[in-house]
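Remarks on the structure that follows.
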Amino acid sequence: MSERKASVTRNTLETQITATVNLDGSGQAKFDTGIPFLEHMLDQIARHGLIDLDIHARGDLHIDDHHTVEDIGITLGQAFARAVGDKKGIVRYGHSYVPLDEALSRVVVDFSGRPGLVYHIPFTRASVGGFDVDLFQEFFHGFVNHAQVTLHIDNLRGENTHHQIETVFKAFGRALRMALSADPAMAGMMPSTKGVL
């Protein structure tokens with residue numbers, strides 16, 4: 001499989017964003033977005049997906065976080081699409097369940113070429129650390145539309161909003177790791193059955 005790296009820059013009236021990804025990385029991450037809680041969640045994608053991420057963003061945060069969060073999702077989705085290329089040799093489908101204390105989330109992804117988002121997170125609070133949690137849906141919409149993936153996100157239970165969203169991002173990273181692998185066993189998601197009778 002050829003090197004799977006890409007860098008995309010997106011400039012609009014509201015934002016200037018550069019996203020660089022290495023799908024065969026080690027989970028290294030660098031962020032400069034001005035939105036600390038989003039950076040904390042993006043770090044989960046890198047760590048659990050073993051994907052190197054470097055995202056720099058300047059946006060109209062003096063108004064609110066909306067444009068910046070959505071455009072980061074768009075730019076990251078474009079970078080993923082470019083890095084994945086023709087998708088030859090990947091598993092294509094990925095899924096993961098992740099718990100954190102009382103919270104449990106499931107994420108399923110298909111690098112189908114058909115964008116679609118099914119999103120069920122019954123948040124117990126409207127914000128965490130000053131961040132409007134409704135904006136996570138905008139992030140994922142931007143990602144799926146430009147990465148050209150089908151994505152199902154379900155928070156199955158949870159009372160702490162931070163835990164709810166953190167389980168989603170960890171599961172998202174792990175589902176990406178499985179889908180982008182050439183072999184699910186190599187992705188560390190399931191035991192190898194090679195040599196087992």
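Letters A, B, ... mark the chains of the structure tokens in the order given; residue numbers begin at 1 per chain; ligand numbers begin at 1, in order shown.
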Give me the residues within 10 Å of Glu3 in chain A as a list in words, counting only C-alpha atoms and dropping any in the same chain fewer than 4 places off.
-> Asn22, Leu23, Asp24, Ala83 and Val84 of chain A
Which neighbours of His62 in chain A fall inside 12 Å, counting only C-alpha atoms, when residues of the same chain fewer than 6 positions from it are skipped, and could you give them as a ChimeraX atom specification?
-> /A:14-15,34-35,68
Could you take the residues named above and write them with all heavy atoms, as a short mmCIF file (atom, residue, chain, number, x, y, z; two decimals), in the first residue's frame?
```
data_model
loop_
_atom_site.label_atom_id
_atom_site.label_comp_id
_atom_site.auth_asym_id
_atom_site.auth_seq_id
_atom_site.Cartn_x
_atom_site.Cartn_y
_atom_site.Cartn_z
N GLU A 14 -14.88 33.13 6.59
CA GLU A 14 -14.92 32.97 8.05
C GLU A 14 -13.71 32.25 8.64
O GLU A 14 -13.39 32.44 9.80
CB GLU A 14 -16.19 32.20 8.47
CG GLU A 14 -17.49 32.91 8.20
CD GLU A 14 -18.05 32.59 6.82
OE1 GLU A 14 -17.49 31.69 6.14
OE2 GLU A 14 -19.02 33.23 6.42
N THR A 15 -13.08 31.36 7.85
CA THR A 15 -12.03 30.51 8.41
C THR A 15 -10.87 30.32 7.45
O THR A 15 -11.02 30.42 6.23
CB THR A 15 -12.59 29.10 8.76
OG1 THR A 15 -13.03 28.45 7.56
CG2 THR A 15 -13.72 29.17 9.76
N GLY A 34 -7.79 27.22 18.64
CA GLY A 34 -8.47 28.17 19.50
C GLY A 34 -9.68 27.59 20.21
O GLY A 34 -10.41 28.31 20.90
N ILE A 35 -9.91 26.27 20.06
CA ILE A 35 -11.07 25.62 20.68
C ILE A 35 -10.56 24.41 21.48
O ILE A 35 -10.49 23.29 20.96
CB ILE A 35 -12.10 25.18 19.63
CG1 ILE A 35 -12.43 26.33 18.68
CG2 ILE A 35 -13.38 24.66 20.31
CD1 ILE A 35 -13.34 25.94 17.53
N THR A 68 -15.88 27.55 12.55
CA THR A 68 -14.57 26.90 12.69
C THR A 68 -14.71 25.40 12.88
O THR A 68 -13.99 24.61 12.24
CB THR A 68 -13.79 27.52 13.87
OG1 THR A 68 -13.72 28.94 13.68
CG2 THR A 68 -12.38 26.95 13.97
#
```
Would you please give, as a PyMOL selection string, all residues of range 44-194 of chain A that DSSP assigns to strand (DSSP E or B) based on the backbone?
-> chain A and resi 52-59+93-100+103-110+116-120+127-128+131-132+150-157
Please indicate the distance in Å from CA of Asp32 in chain A to CA of Asp60 in chain A, rounded to one decimal place.
->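 Separating CA of Asp32 in chain A from CA of Asp60 in chain A is a distance of 14.2 Å.
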Which residues are close to range 136-140 of chain A, i.e. within 7 Å by only C-alpha atoms, leaving aside same-chain residues fewer than 2 positions away? Reply as a tab-separated table (two decimals) with N, CA, C and O atoms, in the first residue's frame.
```
chain	number	residue	atom	x	y	z
A	69	VAL	N	-15.64	24.97	13.72
A	69	VAL	CA	-15.84	23.55	13.97
A	69	VAL	C	-16.31	22.84	12.70
A	69	VAL	O	-15.77	21.79	12.31
A	70	GLU	N	-17.30	23.42	12.03
A	70	GLU	CA	-17.80	22.81	10.79
A	70	GLU	C	-16.72	22.73	9.72
A	70	GLU	O	-16.55	21.70	9.07
A	72	ILE	N	-13.46	22.72	10.13
A	72	ILE	CA	-12.45	21.73	10.48
A	72	ILE	C	-12.92	20.34	10.05
A	72	ILE	O	-12.16	19.55	9.49
A	73	GLY	N	-14.19	20.03	10.29
A	73	GLY	CA	-14.74	18.76	9.84
A	73	GLY	C	-14.65	18.59	8.34
A	73	GLY	O	-14.26	17.53	7.83
A	133	VAL	N	-22.16	21.64	22.59
A	133	VAL	CA	-22.04	20.26	22.12
A	133	VAL	C	-22.84	20.01	20.85
A	133	VAL	O	-22.56	19.03	20.13
A	134	ASP	N	-23.81	20.85	20.51
A	134	ASP	CA	-24.53	20.69	19.25
A	134	ASP	C	-23.59	20.79	18.05
A	134	ASP	O	-23.88	20.25	16.97
A	142	GLY	N	-19.75	17.71	8.30
A	142	GLY	CA	-18.69	18.18	7.42
A	142	GLY	C	-17.74	17.07	7.04
A	142	GLY	O	-17.35	16.94	5.87
A	143	PHE	N	-17.39	16.24	8.02
A	143	PHE	CA	-16.46	15.14	7.75
A	143	PHE	C	-17.04	14.14	6.75
A	143	PHE	O	-16.41	13.81	5.75
A	144	VAL	N	-18.26	13.63	7.02
A	144	VAL	CA	-18.80	12.58	6.16
A	144	VAL	C	-19.05	13.08	4.73
A	144	VAL	O	-18.84	12.34	3.76
```
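CA of His163 in chain A is positioned 10.5 Å from CA of Thr124 in chain A.
With only C-alpha atoms as the basis for measurement, A:Arg10 is the residue among A:Arg125, A:Arg82, A:His146, A:Arg10 that approaches Ile55 in chain A most closely.
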Pick out the closest residue to Asp132 in chain A from this set: A:Asp65, A:Thr9, A:Ala103, A:Arg177. Count only C-alpha atoms.
->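 Using only C-alpha atoms, the shortest distance to Asp132 in chain A belongs to A:Asp65.
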Would you mind listing what lies within 10 Å of Lys30 in chain A as a list in words, with only C-alpha atoms counted and same-chain residues fewer than 6 positions away left out?
->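 The filter keeps Thr20, Glu39, Leu42, Asp43, Ala46, Asp52, Leu53, Asp54, Ile55 and His56 of chain A.
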Contact residues around Phe169 in chain A with only C-alpha atoms at 9 Å, ignoring same-chain residues under 6 positions, as a VMD selection string = chain A and resid 41 to 45 48 107
Output C-alpha atoms of each residue in that selection to a file, as a JSON list (two decimals), in the first residue's frame.
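That gives us part10.json:
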```json
[["chain", "number", "residue", "atom", "x", "y", "z"],
["A", 41, "MET", "CA", -11.64, 15.27, 21.16],
["A", 42, "LEU", "CA", -9.55, 15.41, 17.97],
["A", 43, "ASP", "CA", -6.68, 14.03, 20.02],
["A", 44, "GLN", "CA", -8.81, 10.94, 20.71],
["A", 45, "ILE", "CA", -9.10, 10.32, 16.95],
["A", 48, "HIS", "CA", -7.18, 5.62, 19.10],
["A", 107, "VAL", "CA", -19.51, 4.02, 16.02]]
```
Top pick for closest residue to Thr33 in chain A, considering A:Gly116, A:Gly59, A:Gly77, A:Gly49 and counting only C-alpha atoms =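 The answer is A:Gly59, which sits nearest to Thr33 in chain A.
If only C-alpha atoms are the atoms counted, then among A:Asp183, A:Glu166, A:Asp64, A:Asp86 the closest residue to Leu104 in chain A is A:Glu166.
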Restricting the calculation to only C-alpha atoms, which member of A:Ala57, A:Leu151, A:Val98, A:Leu38 is positioned closest to Thr12 in chain A?
->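 Smallest separation from Thr12 in chain A among the options: A:Ala57.
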Counting only C-alpha atoms, which of A:Gly85, A:Gly113, A:Gly129, A:Pro99 gets nearest to Arg157 in chain A?
-> A:Pro99
In Å to one decimal, how far is CA of Pro122 in chain A from CA of Val149 in chain A?
->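 Atom-to-atom, CA of Val149 in chain A and CA of Pro122 in chain A are spaced 22.8 Å apart.
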Neighbour list for Tyr93 in chain A as a ChimeraX atom specification, cut-off 7 Å, only C-alpha atoms, skip fewer than 6 positions in-chain | /A:109-111,179
